[in-house]
$ cat start.txt   # compact mmCIF, C-alpha atoms
# COMPACT_ATOMS: atom_id res chain seq x y z
CA MET T 5 -100.01 -74.63 6.51
CA THR T 6 -97.01 -76.75 5.60
CA GLU T 7 -94.02 -76.62 7.91
CA GLY T 8 -90.98 -74.58 6.91
CA HIS T 9 -88.48 -77.38 6.61
CA PRO T 10 -90.13 -80.59 5.49
CA ASP T 11 -86.73 -82.07 4.68
CA GLY T 12 -85.57 -81.81 8.28
CA VAL T 13 -82.56 -80.40 10.09
CA GLY T 14 -79.19 -80.80 8.45
CA ASN T 15 -80.65 -80.95 5.00
CA GLU T 16 -78.92 -78.44 2.78
CA HIS T 17 -81.93 -78.18 0.55
CA ARG T 18 -84.54 -75.69 1.68
CA HIS T 19 -87.13 -74.32 -0.69
CA GLY T 20 -86.69 -73.03 -4.16
CA TYR T 21 -86.77 -69.47 -2.99
CA THR T 22 -84.29 -69.61 -0.10
CA ALA T 23 -81.37 -68.38 -2.19
CA GLU T 24 -83.47 -65.40 -3.25
CA LYS T 25 -84.66 -64.52 0.25
CA THR T 26 -83.01 -61.11 0.40
CA SER T 27 -84.36 -60.04 -2.96
CA HIS T 28 -87.85 -61.30 -2.02
CA LEU T 29 -87.85 -59.38 1.25
CA LYS T 30 -86.72 -56.23 -0.56
CA ARG T 31 -89.59 -56.61 -3.02
CA LEU T 32 -92.15 -57.18 -0.28
CA ARG T 33 -90.90 -54.15 1.66
CA ARG T 34 -91.32 -52.04 -1.47
CA ILE T 35 -94.88 -53.34 -1.84
CA GLU T 36 -95.52 -52.57 1.85
CA GLY T 37 -94.32 -49.03 1.09
CA GLN T 38 -96.79 -48.83 -1.81
CA ILE T 39 -99.65 -49.87 0.50
CA ARG T 40 -98.63 -47.24 3.07
CA GLY T 41 -98.46 -44.71 0.25
CA LEU T 42 -102.05 -45.63 -0.59
CA GLN T 43 -103.10 -44.97 3.00
CA ARG T 44 -101.50 -41.53 2.83
CA MET T 45 -103.33 -40.82 -0.43
CA VAL T 46 -106.68 -41.76 1.13
CA GLU T 47 -105.92 -39.67 4.24
CA GLU T 48 -105.05 -36.67 2.09
CA ASP T 49 -108.21 -37.08 -0.03
CA LYS T 50 -106.26 -37.62 -3.21
CA TYR T 51 -108.17 -38.00 -6.43
CA CYS T 52 -109.78 -41.47 -6.82
CA ILE T 53 -108.24 -42.10 -10.23
CA ASP T 54 -104.73 -41.41 -8.91
CA ILE T 55 -105.37 -43.85 -6.06
CA LEU T 56 -106.60 -46.47 -8.54
CA THR T 57 -103.41 -46.03 -10.57
CA GLN T 58 -101.36 -46.79 -7.45
CA VAL T 59 -103.52 -49.80 -6.60
CA SER T 60 -102.86 -51.18 -10.10
CA ALA T 61 -99.12 -50.66 -9.60
CA ALA T 62 -99.17 -52.52 -6.25
CA THR T 63 -101.25 -55.34 -7.76
CA LYS T 64 -98.78 -55.71 -10.62
CA ALA T 65 -95.86 -55.78 -8.17
CA LEU T 66 -97.55 -58.56 -6.15
CA GLN T 67 -98.21 -60.46 -9.37
CA SER T 68 -94.57 -60.24 -10.49
CA PHE T 69 -93.49 -61.42 -7.06
CA SER T 70 -95.75 -64.46 -7.29
CA LEU T 71 -94.58 -65.28 -10.82
CA GLU T 72 -90.96 -65.24 -9.64
CA LEU T 73 -91.79 -67.40 -6.64
CA LEU T 74 -93.64 -69.85 -8.85
CA ASP T 75 -90.75 -70.05 -11.33
CA GLU T 76 -88.35 -70.90 -8.50
CA HIS T 77 -90.80 -73.45 -7.13
CA LEU T 78 -91.05 -75.18 -10.52
CA SER T 79 -87.26 -75.07 -11.01
CA HIS T 80 -86.52 -76.61 -7.63
CA CYS T 81 -89.32 -78.39 -5.77
CA VAL T 82 -91.25 -79.61 -8.80
CA VAL T 83 -88.17 -80.70 -10.77
CA GLU T 84 -86.81 -82.60 -7.73
CA ALA T 85 -90.15 -84.29 -7.08
CA ALA T 86 -90.35 -85.25 -10.76
CA GLN T 87 -86.93 -86.90 -10.48
CA LYS T 88 -88.17 -88.96 -7.51
CA GLY T 89 -91.25 -89.77 -9.61
CA GLY T 90 -94.42 -91.52 -8.55
CA ALA T 91 -96.94 -90.09 -6.12
CA GLU T 92 -94.66 -87.27 -4.97
CA ALA T 93 -94.24 -85.96 -8.53
CA GLU T 94 -97.98 -86.09 -9.11
CA GLU T 95 -98.72 -84.37 -5.82
CA LYS T 96 -96.28 -81.52 -6.52
CA VAL T 97 -97.67 -80.94 -10.00
CA ARG T 98 -101.25 -80.91 -8.72
CA GLU T 99 -100.27 -78.45 -5.99
CA ALA T 100 -98.48 -76.18 -8.47
CA SER T 101 -101.44 -76.31 -10.89
CA ASP T 102 -103.80 -75.31 -8.08
CA ALA T 103 -101.55 -72.37 -7.16
CA ILE T 104 -101.41 -71.27 -10.81
CA ALA T 105 -105.23 -71.42 -11.04
CA ARG T 106 -105.50 -69.22 -7.94
CA LEU T 107 -103.07 -66.71 -9.49
CA VAL T 108 -104.81 -66.63 -12.85
CA ARG T 109 -108.20 -66.16 -11.19
CA SER T 110 -107.04 -63.49 -8.72
CA MET C 3 -100.74 -36.44 -10.02
CA THR C 4 -103.97 -34.52 -9.63
CA GLU C 5 -104.35 -32.32 -6.56
CA GLY C 6 -106.45 -33.55 -3.66
CA HIS C 7 -109.09 -30.85 -3.78
CA PRO C 8 -109.63 -29.70 -7.34
CA ASP C 9 -112.84 -28.03 -6.26
CA GLY C 10 -110.98 -25.72 -3.90
CA VAL C 11 -111.20 -24.77 -0.25
CA GLY C 12 -114.66 -24.38 1.23
CA ASN C 13 -116.23 -26.72 -1.22
CA GLU C 14 -118.31 -29.30 0.60
CA HIS C 15 -117.87 -31.79 -2.19
CA ARG C 16 -114.73 -33.87 -1.94
CA HIS C 17 -114.27 -37.12 -3.82
CA GLY C 18 -116.59 -40.06 -4.08
CA TYR C 19 -114.66 -41.96 -1.48
CA THR C 20 -114.38 -39.32 1.26
CA ALA C 21 -117.39 -40.60 3.18
CA GLU C 22 -115.83 -44.05 3.17
CA LYS C 23 -112.39 -42.92 4.29
CA THR C 24 -112.37 -44.82 7.59
CA SER C 25 -113.44 -48.08 5.98
CA HIS C 26 -110.85 -47.64 3.19
CA LEU C 27 -108.06 -47.01 5.67
CA LYS C 28 -109.09 -50.08 7.67
CA ARG C 29 -108.95 -52.19 4.50
CA LEU C 30 -105.56 -50.85 3.48
CA ARG C 31 -104.16 -51.50 6.96
CA ARG C 32 -105.38 -55.07 6.75
CA ILE C 33 -103.64 -55.43 3.36
CA GLU C 34 -100.47 -53.92 4.86
CA GLY C 35 -100.73 -56.61 7.57
CA GLN C 36 -100.99 -59.27 4.86
CA ILE C 37 -97.83 -57.96 3.18
CA ARG C 38 -95.97 -57.97 6.49
CA GLY C 39 -97.24 -61.51 7.06
CA LEU C 40 -95.70 -62.43 3.71
CA GLN C 41 -92.35 -61.01 4.83
CA ARG C 42 -92.48 -63.16 7.97
CA MET C 43 -93.28 -66.24 5.87
CA VAL C 44 -90.27 -65.59 3.62
CA GLU C 45 -88.03 -64.98 6.64
CA GLU C 46 -89.16 -68.25 8.24
CA ASP C 47 -88.62 -70.19 4.99
CA LYS C 48 -92.28 -71.16 4.74
CA TYR C 49 -93.31 -73.44 1.92
CA CYS C 50 -93.54 -71.63 -1.46
CA ILE C 51 -97.09 -72.80 -2.16
CA ASP C 52 -98.32 -71.44 1.19
CA ILE C 53 -96.69 -68.11 0.38
CA LEU C 54 -98.33 -68.09 -3.06
CA THR C 55 -101.73 -68.69 -1.42
CA GLN C 56 -101.18 -65.62 0.75
CA VAL C 57 -100.06 -63.54 -2.23
CA SER C 58 -103.30 -64.48 -4.03
CA ALA C 59 -105.31 -63.43 -0.96
CA ALA C 60 -103.55 -60.03 -0.82
CA THR C 61 -104.04 -59.53 -4.56
CA LYS C 62 -107.75 -60.27 -4.25
CA ALA C 63 -108.04 -57.84 -1.32
CA LEU C 64 -106.37 -55.09 -3.39
CA GLN C 65 -108.69 -55.88 -6.27
CA SER C 66 -111.83 -55.63 -4.10
CA PHE C 67 -110.55 -52.34 -2.73
CA SER C 68 -110.11 -50.95 -6.22
CA LEU C 69 -113.56 -52.16 -7.33
CA GLU C 70 -115.15 -50.38 -4.37
CA LEU C 71 -113.20 -47.20 -5.07
CA LEU C 72 -114.21 -47.34 -8.71
CA ASP C 73 -117.88 -47.86 -7.85
CA GLU C 74 -117.81 -44.77 -5.61
CA HIS C 75 -116.01 -42.82 -8.30
CA LEU C 76 -118.67 -43.70 -10.88
CA SER C 77 -121.50 -42.93 -8.42
CA HIS C 78 -120.15 -39.52 -7.52
CA CYS C 79 -117.54 -37.91 -9.78
CA VAL C 80 -118.69 -39.46 -13.06
CA VAL C 81 -122.41 -38.95 -12.41
CA GLU C 82 -121.82 -35.30 -11.44
CA ALA C 83 -119.66 -34.68 -14.50
CA ALA C 84 -122.34 -36.30 -16.67
CA GLN C 85 -124.91 -33.90 -15.24
CA LYS C 86 -122.69 -30.95 -16.17
CA GLY C 87 -122.32 -32.58 -19.61
CA GLY C 88 -120.00 -31.61 -22.44
CA ALA C 89 -116.23 -31.91 -22.32
CA GLU C 90 -116.12 -32.57 -18.59
CA ALA C 91 -118.43 -35.58 -18.89
CA GLU C 92 -116.36 -36.96 -21.76
CA GLU C 93 -113.11 -36.41 -19.91
CA LYS C 94 -114.36 -38.19 -16.76
CA VAL C 95 -115.63 -41.18 -18.74
CA ARG C 96 -112.37 -41.49 -20.65
CA GLU C 97 -110.42 -41.30 -17.39
CA ALA C 98 -112.62 -43.94 -15.76
CA SER C 99 -112.33 -46.23 -18.82
CA ASP C 100 -108.54 -45.94 -18.70
CA ALA C 101 -108.54 -46.83 -14.99
CA ILE C 102 -110.79 -49.83 -15.67
CA ALA C 103 -108.45 -51.02 -18.44
CA ARG C 104 -105.49 -50.80 -16.05
CA LEU C 105 -107.41 -52.85 -13.47
CA VAL C 106 -108.52 -55.49 -15.94
CA ARG C 107 -104.98 -55.83 -17.29
CA SER C 108 -103.26 -55.92 -13.89
CA MET U 10 -131.78 -61.05 -20.21
CA THR U 11 -132.76 -57.46 -20.92
CA GLU U 12 -134.59 -56.79 -24.15
CA GLY U 13 -132.74 -55.24 -27.05
CA HIS U 14 -134.70 -52.03 -27.22
CA PRO U 15 -135.78 -50.96 -23.76
CA ASP U 16 -136.54 -47.49 -25.05
CA GLY U 17 -139.23 -48.79 -27.35
CA VAL U 18 -140.06 -48.59 -31.01
CA GLY U 19 -139.46 -45.30 -32.70
CA ASN U 20 -136.75 -44.24 -30.31
CA GLU U 21 -133.66 -43.14 -32.23
CA HIS U 22 -131.41 -44.00 -29.36
CA ARG U 23 -130.31 -47.60 -29.24
CA HIS U 24 -127.33 -48.70 -27.17
CA GLY U 25 -123.91 -47.18 -26.82
CA TYR U 26 -122.44 -49.68 -29.18
CA THR U 27 -124.90 -49.53 -32.07
CA ALA U 28 -122.81 -47.07 -34.05
CA GLU U 29 -119.86 -49.40 -33.70
CA LYS U 30 -121.75 -52.54 -34.70
CA THR U 31 -119.73 -53.26 -37.83
CA SER U 32 -116.40 -52.90 -36.07
CA HIS U 33 -117.63 -55.09 -33.18
CA LEU U 34 -118.77 -57.83 -35.53
CA LYS U 35 -115.43 -57.71 -37.33
CA ARG U 36 -113.61 -58.11 -34.02
CA LEU U 37 -115.80 -61.01 -32.91
CA ARG U 38 -115.33 -62.78 -36.26
CA ARG U 39 -111.57 -62.44 -35.84
CA ILE U 40 -111.85 -63.95 -32.35
CA GLU U 41 -114.01 -66.77 -33.76
CA GLY U 42 -111.19 -67.38 -36.27
CA GLN U 43 -108.69 -67.57 -33.39
CA ILE U 44 -110.85 -70.18 -31.62
CA ARG U 45 -111.09 -72.23 -34.83
CA GLY U 46 -107.32 -71.90 -35.20
CA LEU U 47 -107.00 -73.37 -31.70
CA GLN U 48 -109.15 -76.35 -32.74
CA ARG U 49 -106.85 -76.95 -35.71
CA MET U 50 -103.80 -76.78 -33.43
CA VAL U 51 -105.29 -79.37 -31.07
CA GLU U 52 -106.28 -81.62 -34.00
CA GLU U 53 -102.74 -81.42 -35.41
CA ASP U 54 -101.18 -82.17 -31.99
CA LYS U 55 -99.36 -78.86 -31.88
CA TYR U 56 -97.07 -78.21 -28.97
CA CYS U 57 -98.95 -77.28 -25.74
CA ILE U 58 -96.97 -74.09 -25.16
CA ASP U 59 -97.80 -72.83 -28.67
CA ILE U 60 -101.48 -73.53 -28.02
CA LEU U 61 -101.28 -71.67 -24.71
CA THR U 62 -99.77 -68.67 -26.49
CA GLN U 63 -102.74 -68.61 -28.86
CA VAL U 64 -105.20 -68.96 -25.97
CA SER U 65 -103.60 -65.92 -24.30
CA ALA U 66 -103.94 -63.97 -27.55
CA ALA U 67 -107.65 -64.86 -27.85
CA THR U 68 -108.24 -63.97 -24.19
CA LYS U 69 -106.58 -60.58 -24.68
CA ALA U 70 -108.70 -59.95 -27.77
CA LEU U 71 -111.90 -60.73 -25.82
CA GLN U 72 -110.73 -58.44 -23.03
CA SER U 73 -110.07 -55.54 -25.39
CA PHE U 74 -113.49 -56.06 -26.91
CA SER U 75 -115.15 -55.89 -23.51
CA LEU U 76 -113.18 -52.78 -22.52
CA GLU U 77 -114.34 -51.02 -25.69
CA LEU U 78 -117.93 -52.09 -25.10
CA LEU U 79 -117.78 -50.87 -21.53
CA ASP U 80 -116.32 -47.52 -22.55
CA GLU U 81 -119.18 -47.02 -25.01
CA HIS U 82 -121.69 -48.07 -22.37
CA LEU U 83 -120.32 -45.52 -19.89
CA SER U 84 -120.21 -42.78 -22.56
CA HIS U 85 -123.80 -43.32 -23.62
CA CYS U 86 -126.12 -45.29 -21.34
CA VAL U 87 -124.52 -44.31 -18.02
CA VAL U 88 -124.07 -40.63 -18.94
CA GLU U 89 -127.70 -40.39 -20.13
CA ALA U 90 -129.01 -42.12 -17.00
CA ALA U 91 -126.90 -39.76 -14.86
CA GLN U 92 -128.51 -36.81 -16.62
CA LYS U 93 -131.96 -38.16 -15.77
CA GLY U 94 -130.69 -38.65 -12.22
CA GLY U 95 -132.38 -40.47 -9.35
CA ALA U 96 -132.99 -44.19 -9.22
CA GLU U 97 -132.17 -44.75 -12.89
CA ALA U 98 -128.71 -43.21 -12.48
CA GLU U 99 -128.03 -45.34 -9.42
CA GLU U 100 -129.25 -48.49 -11.12
CA LYS U 101 -127.06 -47.93 -14.20
CA VAL U 102 -123.97 -47.27 -12.09
CA ARG U 103 -124.58 -50.36 -9.96
CA GLU U 104 -125.05 -52.44 -13.11
CA ALA U 105 -121.86 -51.08 -14.67
CA SER U 106 -119.90 -51.68 -11.45
CA ASP U 107 -121.09 -55.29 -11.36
CA ALA U 108 -120.02 -55.79 -14.98
CA ILE U 109 -116.60 -54.27 -14.22
CA ALA U 110 -116.20 -56.62 -11.24
CA ARG U 111 -117.00 -59.61 -13.47
CA LEU U 112 -114.41 -58.43 -16.00
CA VAL U 113 -111.70 -57.81 -13.40
CA ARG U 114 -112.31 -61.22 -11.82
CA SER U 115 -112.46 -63.15 -15.10
CA MET M 29 -93.97 -72.17 -33.84
CA THR M 30 -92.68 -75.50 -32.58
CA GLU M 31 -93.37 -78.57 -34.69
CA GLY M 32 -96.19 -80.88 -33.69
CA HIS M 33 -94.11 -83.99 -33.09
CA PRO M 34 -90.69 -83.06 -31.73
CA ASP M 35 -90.16 -86.65 -30.64
CA GLY M 36 -90.32 -87.92 -34.19
CA VAL M 37 -92.31 -90.48 -36.11
CA GLY M 38 -92.99 -93.77 -34.39
CA ASN M 39 -92.73 -92.26 -30.95
CA GLU M 40 -95.74 -93.27 -28.90
CA HIS M 41 -95.45 -90.22 -26.72
CA ARG M 42 -97.07 -87.13 -28.12
CA HIS M 43 -97.91 -84.17 -25.93
CA GLY M 44 -99.48 -84.06 -22.53
CA TYR M 45 -102.82 -83.21 -23.99
CA THR M 46 -103.13 -85.84 -26.72
CA ALA M 47 -105.16 -88.22 -24.57
CA GLU M 48 -107.58 -85.39 -23.86
CA LYS M 49 -107.91 -84.29 -27.47
CA THR M 50 -111.62 -85.10 -27.78
CA SER M 51 -112.52 -83.25 -24.59
CA HIS M 52 -110.37 -80.25 -25.63
CA LEU M 53 -112.05 -80.06 -29.03
CA LYS M 54 -115.47 -80.23 -27.39
CA ARG M 55 -114.55 -77.37 -25.08
CA LEU M 56 -113.20 -75.24 -27.93
CA ARG M 57 -116.33 -75.85 -30.01
CA ARG M 58 -118.45 -74.71 -27.08
CA ILE M 59 -116.32 -71.54 -26.81
CA GLU M 60 -116.70 -71.00 -30.58
CA GLY M 61 -120.47 -71.26 -30.01
CA GLN M 62 -120.22 -68.60 -27.29
CA ILE M 63 -118.38 -66.27 -29.67
CA ARG M 64 -121.01 -66.80 -32.35
CA GLY M 65 -123.68 -66.15 -29.75
CA LEU M 66 -121.95 -62.83 -29.05
CA GLN M 67 -122.12 -61.94 -32.74
CA ARG M 68 -125.86 -62.63 -32.71
CA MET M 69 -126.30 -60.45 -29.63
CA VAL M 70 -124.46 -57.55 -31.31
CA GLU M 71 -126.49 -58.01 -34.51
CA GLU M 72 -129.75 -57.96 -32.54
CA ASP M 73 -128.70 -54.84 -30.58
CA LYS M 74 -128.83 -56.65 -27.26
CA TYR M 75 -128.18 -54.63 -24.14
CA CYS M 76 -124.43 -53.89 -23.60
CA ILE M 77 -124.39 -55.27 -20.06
CA ASP M 78 -125.84 -58.60 -21.23
CA ILE M 79 -123.18 -58.78 -23.92
CA LEU M 80 -120.48 -58.04 -21.34
CA THR M 81 -121.80 -60.88 -19.15
CA GLN M 82 -121.40 -63.26 -22.08
CA VAL M 83 -117.90 -61.98 -22.84
CA SER M 84 -116.92 -62.68 -19.22
CA ALA M 85 -118.31 -66.22 -19.53
CA ALA M 86 -116.32 -66.86 -22.72
CA THR M 87 -113.16 -65.42 -21.13
CA LYS M 88 -113.57 -67.69 -18.12
CA ALA M 89 -114.09 -70.72 -20.39
CA LEU M 90 -110.87 -69.90 -22.28
CA GLN M 91 -109.05 -69.48 -18.98
CA SER M 92 -110.23 -72.88 -17.67
CA PHE M 93 -109.16 -74.45 -20.93
CA SER M 94 -105.67 -72.98 -20.61
CA LEU M 95 -105.37 -74.07 -16.96
CA GLU M 96 -106.24 -77.64 -17.93
CA LEU M 97 -103.77 -77.58 -20.81
CA LEU M 98 -101.07 -76.21 -18.53
CA ASP M 99 -101.73 -78.86 -15.89
CA GLU M 100 -101.34 -81.60 -18.50
CA HIS M 101 -98.19 -79.96 -19.82
CA LEU M 102 -96.64 -79.88 -16.33
CA SER M 103 -97.71 -83.49 -15.63
CA HIS M 104 -96.22 -84.83 -18.83
CA CYS M 105 -93.71 -82.69 -20.73
CA VAL M 106 -92.20 -80.90 -17.73
CA VAL M 107 -92.03 -83.99 -15.51
CA GLU M 108 -90.37 -85.99 -18.31
CA ALA M 109 -87.87 -83.21 -19.02
CA ALA M 110 -87.10 -82.99 -15.30
CA GLN M 111 -86.34 -86.70 -15.28
CA LYS M 112 -83.87 -86.23 -18.13
CA GLY M 113 -82.45 -83.30 -16.16
CA GLY M 114 -79.90 -80.73 -17.29
CA ALA M 115 -80.52 -78.12 -19.94
CA GLU M 116 -83.74 -79.72 -21.16
CA ALA M 117 -85.33 -79.55 -17.69
CA GLU M 118 -84.31 -75.90 -17.33
CA GLU M 119 -85.59 -75.04 -20.78
CA LYS M 120 -89.00 -76.66 -20.16
CA VAL M 121 -89.42 -74.90 -16.81
CA ARG M 122 -88.49 -71.53 -18.29
CA GLU M 123 -90.94 -72.09 -21.14
CA ALA M 124 -93.73 -73.08 -18.74
CA SER M 125 -93.02 -70.06 -16.49
CA ASP M 126 -93.24 -67.75 -19.50
CA ALA M 127 -96.58 -69.30 -20.50
CA ILE M 128 -97.89 -68.89 -16.93
CA ALA M 129 -96.82 -65.23 -16.90
CA ARG M 130 -98.71 -64.66 -20.19
CA LEU M 131 -101.82 -66.28 -18.70
CA VAL M 132 -101.65 -64.32 -15.45
CA ARG M 133 -101.19 -61.07 -17.34
CA SER M 134 -103.90 -61.72 -19.92

$ encode --input "start.txt" --output "structure tokens"
Amino acid sequence: MTEGHPDGVGNEHRHGYTAEKTSHLKRLRRIEGQIRGLQRMVEEDKYCIDILTQVSAATKALQSFSLELLDEHLSHCVVEAAQKGGAEAEEKVREASDAIARLVRS
Amino acid sequence: MTEGHPDGVGNEHRHGYTAEKTSHLKRLRRIEGQIRGLQRMVEEDKYCIDILTQVSAATKALQSFSLELLDEHLSHCVVEAAQKGGAEAEEKVREASDAIARLVRS
Amino acid sequence: MTEGHPDGVGNEHRHGYTAEKTSHLKRLRRIEGQIRGLQRMVEEDKYCIDILTQVSAATKALQSFSLELLDEHLSHCVVEAAQKGGAEAEEKVREASDAIARLVRS
Amino acid sequence: MTEGHPDGVGNEHRHGYTAEKTSHLKRLRRIEGQIRGLQRMVEEDKYCIDILTQVSAATKALQSFSLELLDEHLSHCVVEAAQKGGAEAEEKVREASDAIARLVRS
């Protein structure tokens, strides 16, 4: 697990997503609500197909969240590393490619 | 939204997943924990790639949940409808196919 | 690999998809054309993003094909096995669930 | 459709994937072979589940191909655009994000 602030104290730059923190938290709370809704559906013996529909909706919401996060990561962290060039650029691209592969395969 | 007990009060048969209710609820609570973990990571400005890794894990957990639910649905509701035959069998298969398409595309 | 005609010679019933053979072959030939189009794009040094767009289109076409095949399999083989009941029904459902899992995860 | 050589004649730089052209073509020919194998299976009335297994294999092969292409695109085109900075960097990131979203959703 990488530390939260690799750039250190006093550095204005955080991560790509910092500016969007509030909107990200709102999204994640909505997804948490969807998961709790699923628990209620199971408790109330709702029809399997209706539960599956809600699972698909929650999965899609998680997927959109990750695509937004990835876009911000490319726009900020990857672009900055590319400008520094060399090993750091390569490392950031490799890391992003691995994350994309995990998303595509999940 | 289909009602929870289409077969009516006093009918022993519920849905395919009823027997597995406790295990389903446990799984969904674990996924809820993953989503809350994601909120903490965003709040603490964790590194985007680490967040993306957690989102992939939660997505995979949701996917496994839906595959289990679907398997139970096929084993119970679809098999029973097939035994009754006719329009009910057709309707259940069409409904299951639609749910599968939503899963594959999400 | 299961044999083509498990029900033996002289049995009118083939697989779920036999009736749809012509339409399936047409679809697969179109997908083959998409893959050859991709080879041409690579040979002509087309822009990566345009190639990726075509790969997504071919992937979606394969996915639709598999969803149609699966729907026919449920409607015919699984429904018939369910009507026979017992171990055969269970086996067919397990087999279908495994195929669905492979689709969802691919 | 973007032109093959946006950088013009005489420019040594092509696309990220040019160096890998031979390996890409080999991969695509193998996928074409898988699609033709599927046509044979349909023609010979092979068992639906076996066909579905082969469709999943072809889908995974297409997916790996697109992940490799995307990695090369990020390593070359996006990194170079980032070094130029400004509107071009933004445009390349947006374009890559859109391609990733298409992959994740297909």

$ residues_around --input "start.txt" --residues "segment 88-93 of chain M" --least-positions-apart "6" --cutoff "7 Å" --atoms "all atoms listed in the file" --output "ChimeraX atom specification"
/U:64,68,115 /M:59

$ atom_distance --input "start.txt" --atom1 "atom CA of Arg96 of chain C" --atom2 "atom CA of Leu83 of chain U"
8.9 Å

$ residues_near_point --input "start.txt" --point "(-91.1, -85.8, -16.4)" --cutoff "10 Å" --atoms "all atoms listed in the file" --output "list of chain:residue names"
T:Val82, T:Val83, T:Ala85, T:Ala86, T:Gln87, T:Lys88, T:Gly89, T:Ala93, M:His101, M:Leu102, M:Ser103, M:His104, M:Cys105, M:Val106, M:Val107, M:Glu108, M:Ala109, M:Ala110, M:Gln111, M:Lys112, M:Gly113, M:Ala117

$ atom_distance --input "start.txt" --atom1 "atom CA of Leu74 of chain T" --atom2 "atom CA of Ser58 of chain C"
12.1 Å

$ residues_near_point --input "start.txt" --point "(-113.8, -70.8, -31.0)" --cutoff "9 Å" --atoms "only C-alpha atoms" --output "JSON, numbers by chain"
{"U": [40, 41, 42, 43, 44, 45, 46, 47, 48], "M": [55, 56, 57, 58, 59, 60, 61, 62, 63, 64]}

$ interface_residues --input "start.txt" --of "chain M" --to "chain C" --cutoff "12 Å" --atoms "all atoms listed in the file" --output "list in words"
Ser84, Ala129, Arg130, Leu131, Val132, Arg133 and Ser134 of chain M

$ atom_distance --input "start.txt" --atom1 "atom CA of Lys96 of chain T" --atom2 "atom CA of Ser94 of chain M"
19.0 Å

$ axis_aligned_box --input "start.txt" --around "segment 78-84 of chain T" --padding-each-side "5 Å" --output "AutoDock Vina command-line options"
--center_x -88.9 --center_y -78.8 --center_z -8.4 --size_x 14.7 --size_y 17.5 --size_z 15.2

$ closest_residue --input "start.txt" --among "T:Lys30, T:Lys50, T:Glu24, T:Glu99" --to "Asp99 of chain M" --atoms "all atoms listed in the file"
T:Glu99

$ closest_residue --input "start.txt" --among "C:Val95, C:Leu27, C:Glu90, C:Leu71" --to "Asp54 of chain T" --atoms "only C-alpha atoms"
C:Leu71

$ build_atoms --input "start.txt" --residues "segment 87-99 of chain C" --atoms "N, CA and C atoms" --output "compact mmCIF listing (two decimals), in the frame of the given file"
# COMPACT_ATOMS: atom_id res chain seq x y z
N GLY C 87 -122.34 -32.30 -18.16
CA GLY C 87 -122.32 -32.58 -19.61
C GLY C 87 -121.07 -32.07 -20.30
N GLY C 88 -121.07 -32.15 -21.62
CA GLY C 88 -120.00 -31.61 -22.44
C GLY C 88 -118.64 -32.25 -22.23
N ALA C 89 -117.61 -31.42 -22.36
CA ALA C 89 -116.23 -31.91 -22.32
C ALA C 89 -115.90 -32.55 -20.98
N GLU C 90 -116.46 -32.00 -19.90
CA GLU C 90 -116.12 -32.57 -18.59
C GLU C 90 -116.65 -34.00 -18.45
N ALA C 91 -117.87 -34.23 -18.94
CA ALA C 91 -118.43 -35.58 -18.89
C ALA C 91 -117.56 -36.55 -19.70
N GLU C 92 -117.20 -36.11 -20.90
CA GLU C 92 -116.36 -36.96 -21.76
C GLU C 92 -115.02 -37.29 -21.11
N GLU C 93 -114.42 -36.24 -20.55
CA GLU C 93 -113.11 -36.41 -19.91
C GLU C 93 -113.18 -37.40 -18.74
N LYS C 94 -114.23 -37.30 -17.92
CA LYS C 94 -114.36 -38.19 -16.76
C LYS C 94 -114.59 -39.64 -17.19
N VAL C 95 -115.38 -39.81 -18.26
CA VAL C 95 -115.63 -41.18 -18.74
C VAL C 95 -114.35 -41.78 -19.30
N ARG C 96 -113.62 -40.99 -20.07
CA ARG C 96 -112.37 -41.49 -20.65
C ARG C 96 -111.39 -41.89 -19.55
N GLU C 97 -111.30 -41.05 -18.54
CA GLU C 97 -110.42 -41.30 -17.39
C GLU C 97 -110.83 -42.57 -16.65
N ALA C 98 -112.13 -42.73 -16.45
CA ALA C 98 -112.62 -43.94 -15.76
C ALA C 98 -112.35 -45.18 -16.61
N SER C 99 -112.59 -45.08 -17.93
CA SER C 99 -112.33 -46.23 -18.82
C SER C 99 -110.85 -46.62 -18.79
